[in-house]
Amino acid sequence: MTDADEDRADALFHALSDRTRRDIMRRVLTGEHSVSVLAAEYDMSFAAVQKHVAVLERAGLLTKRRHGREQLATGDVTAVRAVATLLTELEAVWRGRIARIDELIATESSQED
């Protein structure tokens, strides 16, 4: 991975590391929502929800557009797929390490016989 790819991964995982942001993502992936409607669901200030939305937007996980006085947020499915791809790559590394450990154990067991 390049440094830019690593920076992108950092931003994605940071954005998704918070429970509220993950919930916001679930909601905006089902369709466009105004930030004020999103904020009404949480026991925090509107400004706090705006900050969560901004983190998701900077990570590229959602986009916002203005419609009159409202800010409308929509989830970016392509960005979510990028997260899934990163996790799949990490899983492949992990499975490779487990396979090598299994091979070492099998080799040692056969040498002891």
# chains A, B, ... in the order shown; residues from 1 in each chain; ligands from 1
>>> residues_around(residues="His67 of chain A", least_positions_apart="6", cutoff="12 Å", atoms="only C-alpha atoms", output="ChimeraX atom specification")
/A:32-35,73
>>> select_by_dssp(residues="segment 1-112 of chain A", states="strand (DSSP E or B)", output="VMD selection string")
chain A and resid 33 to 34 62 to 67 70 to 75
>>> write_last_selection(atoms="all heavy atoms", output="mmCIF file, in the first residue's frame")
data_model
loop_
_atom_site.group_PDB
_atom_site.id
_atom_site.type_symbol
_atom_site.label_atom_id
_atom_site.label_comp_id
_atom_site.auth_asym_id
_atom_site.auth_seq_id
_atom_site.Cartn_x
_atom_site.Cartn_y
_atom_site.Cartn_z
ATOM 1 N N HIS A 33 -30.802 11.688 4.240
ATOM 2 C CA HIS A 33 -31.405 12.211 5.468
ATOM 3 C C HIS A 33 -30.857 13.606 5.730
ATOM 4 O O HIS A 33 -29.669 13.861 5.510
ATOM 5 C CB HIS A 33 -31.045 11.342 6.684
ATOM 6 C CG HIS A 33 -31.662 9.996 6.661
ATOM 7 N ND1 HIS A 33 -32.941 9.744 7.099
ATOM 8 C CD2 HIS A 33 -31.176 8.803 6.252
ATOM 9 C CE1 HIS A 33 -33.214 8.464 6.964
ATOM 10 N NE2 HIS A 33 -32.162 7.868 6.443
ATOM 11 N N SER A 34 -31.715 14.470 6.242
ATOM 12 C CA SER A 34 -31.205 15.778 6.651
ATOM 13 C C SER A 34 -30.429 15.606 7.954
ATOM 14 O O SER A 34 -30.748 14.723 8.762
ATOM 15 C CB SER A 34 -32.342 16.786 6.834
ATOM 16 O OG SER A 34 -33.056 16.509 8.010
ATOM 17 N N LEU A 62 -19.625 9.587 3.359
ATOM 18 C CA LEU A 62 -20.909 10.177 2.999
ATOM 19 C C LEU A 62 -20.670 11.498 2.295
ATOM 20 O O LEU A 62 -19.580 12.068 2.361
ATOM 21 C CB LEU A 62 -21.842 10.328 4.206
ATOM 22 C CG LEU A 62 -21.512 11.272 5.355
ATOM 23 C CD1 LEU A 62 -21.699 12.747 5.013
ATOM 24 C CD2 LEU A 62 -22.427 10.932 6.525
ATOM 25 N N THR A 63 -21.695 11.929 1.600
ATOM 26 C CA THR A 63 -21.646 13.231 0.938
ATOM 27 C C THR A 63 -22.819 14.057 1.458
ATOM 28 O O THR A 63 -23.844 13.516 1.862
ATOM 29 C CB THR A 63 -21.741 13.108 -0.597
ATOM 30 O OG1 THR A 63 -22.944 12.413 -0.929
ATOM 31 C CG2 THR A 63 -20.549 12.377 -1.163
ATOM 32 N N LYS A 64 -22.623 15.367 1.454
ATOM 33 C CA LYS A 64 -23.684 16.286 1.854
ATOM 34 C C LYS A 64 -23.980 17.215 0.697
ATOM 35 O O LYS A 64 -23.105 17.542 -0.092
ATOM 36 C CB LYS A 64 -23.250 17.131 3.058
ATOM 37 C CG LYS A 64 -23.238 16.410 4.361
ATOM 38 C CD LYS A 64 -23.015 17.336 5.547
ATOM 39 C CE LYS A 64 -21.964 18.372 5.318
ATOM 40 N NZ LYS A 64 -21.578 19.136 6.485
ATOM 41 N N ARG A 65 -25.224 17.622 0.648
ATOM 42 C CA ARG A 65 -25.621 18.662 -0.304
ATOM 43 C C ARG A 65 -26.644 19.548 0.384
ATOM 44 O O ARG A 65 -27.311 19.132 1.318
ATOM 45 C CB ARG A 65 -26.182 18.060 -1.591
ATOM 46 C CG ARG A 65 -27.528 17.390 -1.443
ATOM 47 C CD ARG A 65 -28.053 16.876 -2.783
ATOM 48 N NE ARG A 65 -29.375 16.292 -2.613
ATOM 49 C CZ ARG A 65 -30.517 16.956 -2.726
ATOM 50 N NH1 ARG A 65 -30.511 18.242 -3.034
ATOM 51 N NH2 ARG A 65 -31.681 16.358 -2.551
ATOM 52 N N ARG A 66 -26.690 20.764 -0.063
ATOM 53 C CA ARG A 66 -27.656 21.714 0.496
ATOM 54 C C ARG A 66 -28.937 21.668 -0.310
ATOM 55 O O ARG A 66 -28.933 21.591 -1.536
ATOM 56 C CB ARG A 66 -27.088 23.123 0.448
ATOM 57 C CG ARG A 66 -26.088 23.369 1.528
ATOM 58 C CD ARG A 66 -26.322 24.754 2.127
ATOM 59 N NE ARG A 66 -25.464 24.949 3.267
ATOM 60 C CZ ARG A 66 -25.850 24.777 4.524
ATOM 61 N NH1 ARG A 66 -27.066 24.405 4.794
ATOM 62 N NH2 ARG A 66 -25.021 24.987 5.504
ATOM 63 N N HIS A 67 -30.044 21.704 0.413
ATOM 64 C CA HIS A 67 -31.367 21.837 -0.199
ATOM 65 C C HIS A 67 -32.086 22.899 0.621
ATOM 66 O O HIS A 67 -32.584 22.614 1.711
ATOM 67 C CB HIS A 67 -32.115 20.503 -0.160
ATOM 68 C CG HIS A 67 -33.460 20.561 -0.802
ATOM 69 N ND1 HIS A 67 -33.616 20.657 -2.164
ATOM 70 C CD2 HIS A 67 -34.704 20.557 -0.276
ATOM 71 C CE1 HIS A 67 -34.897 20.696 -2.447
ATOM 72 N NE2 HIS A 67 -35.592 20.642 -1.303
ATOM 73 N N GLU A 70 -31.525 23.150 4.541
ATOM 74 C CA GLU A 70 -31.148 21.839 5.069
ATOM 75 C C GLU A 70 -29.870 21.314 4.433
ATOM 76 O O GLU A 70 -29.592 21.570 3.266
ATOM 77 C CB GLU A 70 -32.252 20.812 4.812
ATOM 78 C CG GLU A 70 -33.492 21.009 5.619
ATOM 79 C CD GLU A 70 -34.457 19.862 5.397
ATOM 80 O OE1 GLU A 70 -34.797 19.603 4.239
ATOM 81 O OE2 GLU A 70 -34.831 19.231 6.397
ATOM 82 N N GLN A 71 -29.130 20.549 5.222
ATOM 83 C CA GLN A 71 -27.991 19.792 4.716
ATOM 84 C C GLN A 71 -28.459 18.335 4.635
ATOM 85 O O GLN A 71 -28.884 17.770 5.633
ATOM 86 C CB GLN A 71 -26.812 19.874 5.674
ATOM 87 C CG GLN A 71 -26.210 21.233 5.834
ATOM 88 C CD GLN A 71 -25.057 21.162 6.810
ATOM 89 O OE1 GLN A 71 -24.115 20.407 6.622
ATOM 90 N NE2 GLN A 71 -25.146 21.940 7.868
ATOM 91 N N LEU A 72 -28.376 17.765 3.457
ATOM 92 C CA LEU A 72 -28.812 16.381 3.253
ATOM 93 C C LEU A 72 -27.595 15.489 3.099
ATOM 94 O O LEU A 72 -26.674 15.792 2.339
ATOM 95 C CB LEU A 72 -29.705 16.287 2.021
ATOM 96 C CG LEU A 72 -30.966 17.165 2.063
ATOM 97 C CD1 LEU A 72 -31.699 17.113 0.730
ATOM 98 C CD2 LEU A 72 -31.881 16.750 3.200
ATOM 99 N N ALA A 73 -27.593 14.393 3.837
ATOM 100 C CA ALA A 73 -26.452 13.467 3.834
ATOM 101 C C ALA A 73 -26.864 12.153 3.184
ATOM 102 O O ALA A 73 -27.956 11.638 3.430
ATOM 103 C CB ALA A 73 -25.984 13.215 5.257
ATOM 104 N N THR A 74 -25.951 11.619 2.378
ATOM 105 C CA THR A 74 -26.153 10.341 1.703
ATOM 106 C C THR A 74 -24.894 9.501 1.867
ATOM 107 O O THR A 74 -23.782 10.007 1.704
ATOM 108 C CB THR A 74 -26.394 10.549 0.184
ATOM 109 O OG1 THR A 74 -27.472 11.459 0.016
ATOM 110 C CG2 THR A 74 -26.702 9.251 -0.510
ATOM 111 N N GLY A 75 -25.075 8.227 2.174
ATOM 112 C CA GLY A 75 -23.937 7.325 2.304
ATOM 113 C C GLY A 75 -23.339 6.975 0.956
ATOM 114 O O GLY A 75 -24.050 6.913 -0.047
#
>>> atom_distance(atom1="atom CA of Ser45 of chain A", atom2="atom CA of Thr30 of chain A")
23.2 Å
>>> closest_residue(among="A:Leu12, A:Ala99, A:Ala47, A:Val53", to="Ile24 of chain A", atoms="only C-alpha atoms")
A:Val53
>>> residues_around(residues="segment 82-84 of chain A", least_positions_apart="5", cutoff="9 Å", atoms="only C-alpha atoms", output="mmCIF file with N, CA and C atoms, in the first residue's frame")
data_model
loop_
_atom_site.group_PDB
_atom_site.id
_atom_site.type_symbol
_atom_site.label_atom_id
_atom_site.label_comp_id
_atom_site.auth_asym_id
_atom_site.auth_seq_id
_atom_site.Cartn_x
_atom_site.Cartn_y
_atom_site.Cartn_z
ATOM 1 N N ALA A 9 -7.007 4.541 4.556
ATOM 2 C CA ALA A 9 -7.443 3.493 5.487
ATOM 3 C C ALA A 9 -7.569 4.048 6.898
ATOM 4 N N LEU A 12 -10.755 6.093 7.090
ATOM 5 C CA LEU A 12 -11.952 5.244 7.079
ATOM 6 C C LEU A 12 -12.170 4.564 8.424
ATOM 7 N N PHE A 13 -11.110 3.953 8.947
ATOM 8 C CA PHE A 13 -11.263 3.230 10.207
ATOM 9 C C PHE A 13 -11.482 4.176 11.381
ATOM 10 N N VAL A 77 -21.762 4.136 -1.014
ATOM 11 C CA VAL A 77 -21.607 2.685 -1.012
ATOM 12 C C VAL A 77 -20.216 2.273 -1.494
ATOM 13 N N GLU A 89 -8.483 -7.874 2.744
ATOM 14 C CA GLU A 89 -7.024 -7.979 2.609
ATOM 15 C C GLU A 89 -6.381 -8.339 3.943
#
>>> select_by_dssp(residues="chain A", states="helix (DSSP H, G or I)", output="number ranges by chain")
A: 3-16, 19-29, 35-40, 46-58, 77-112
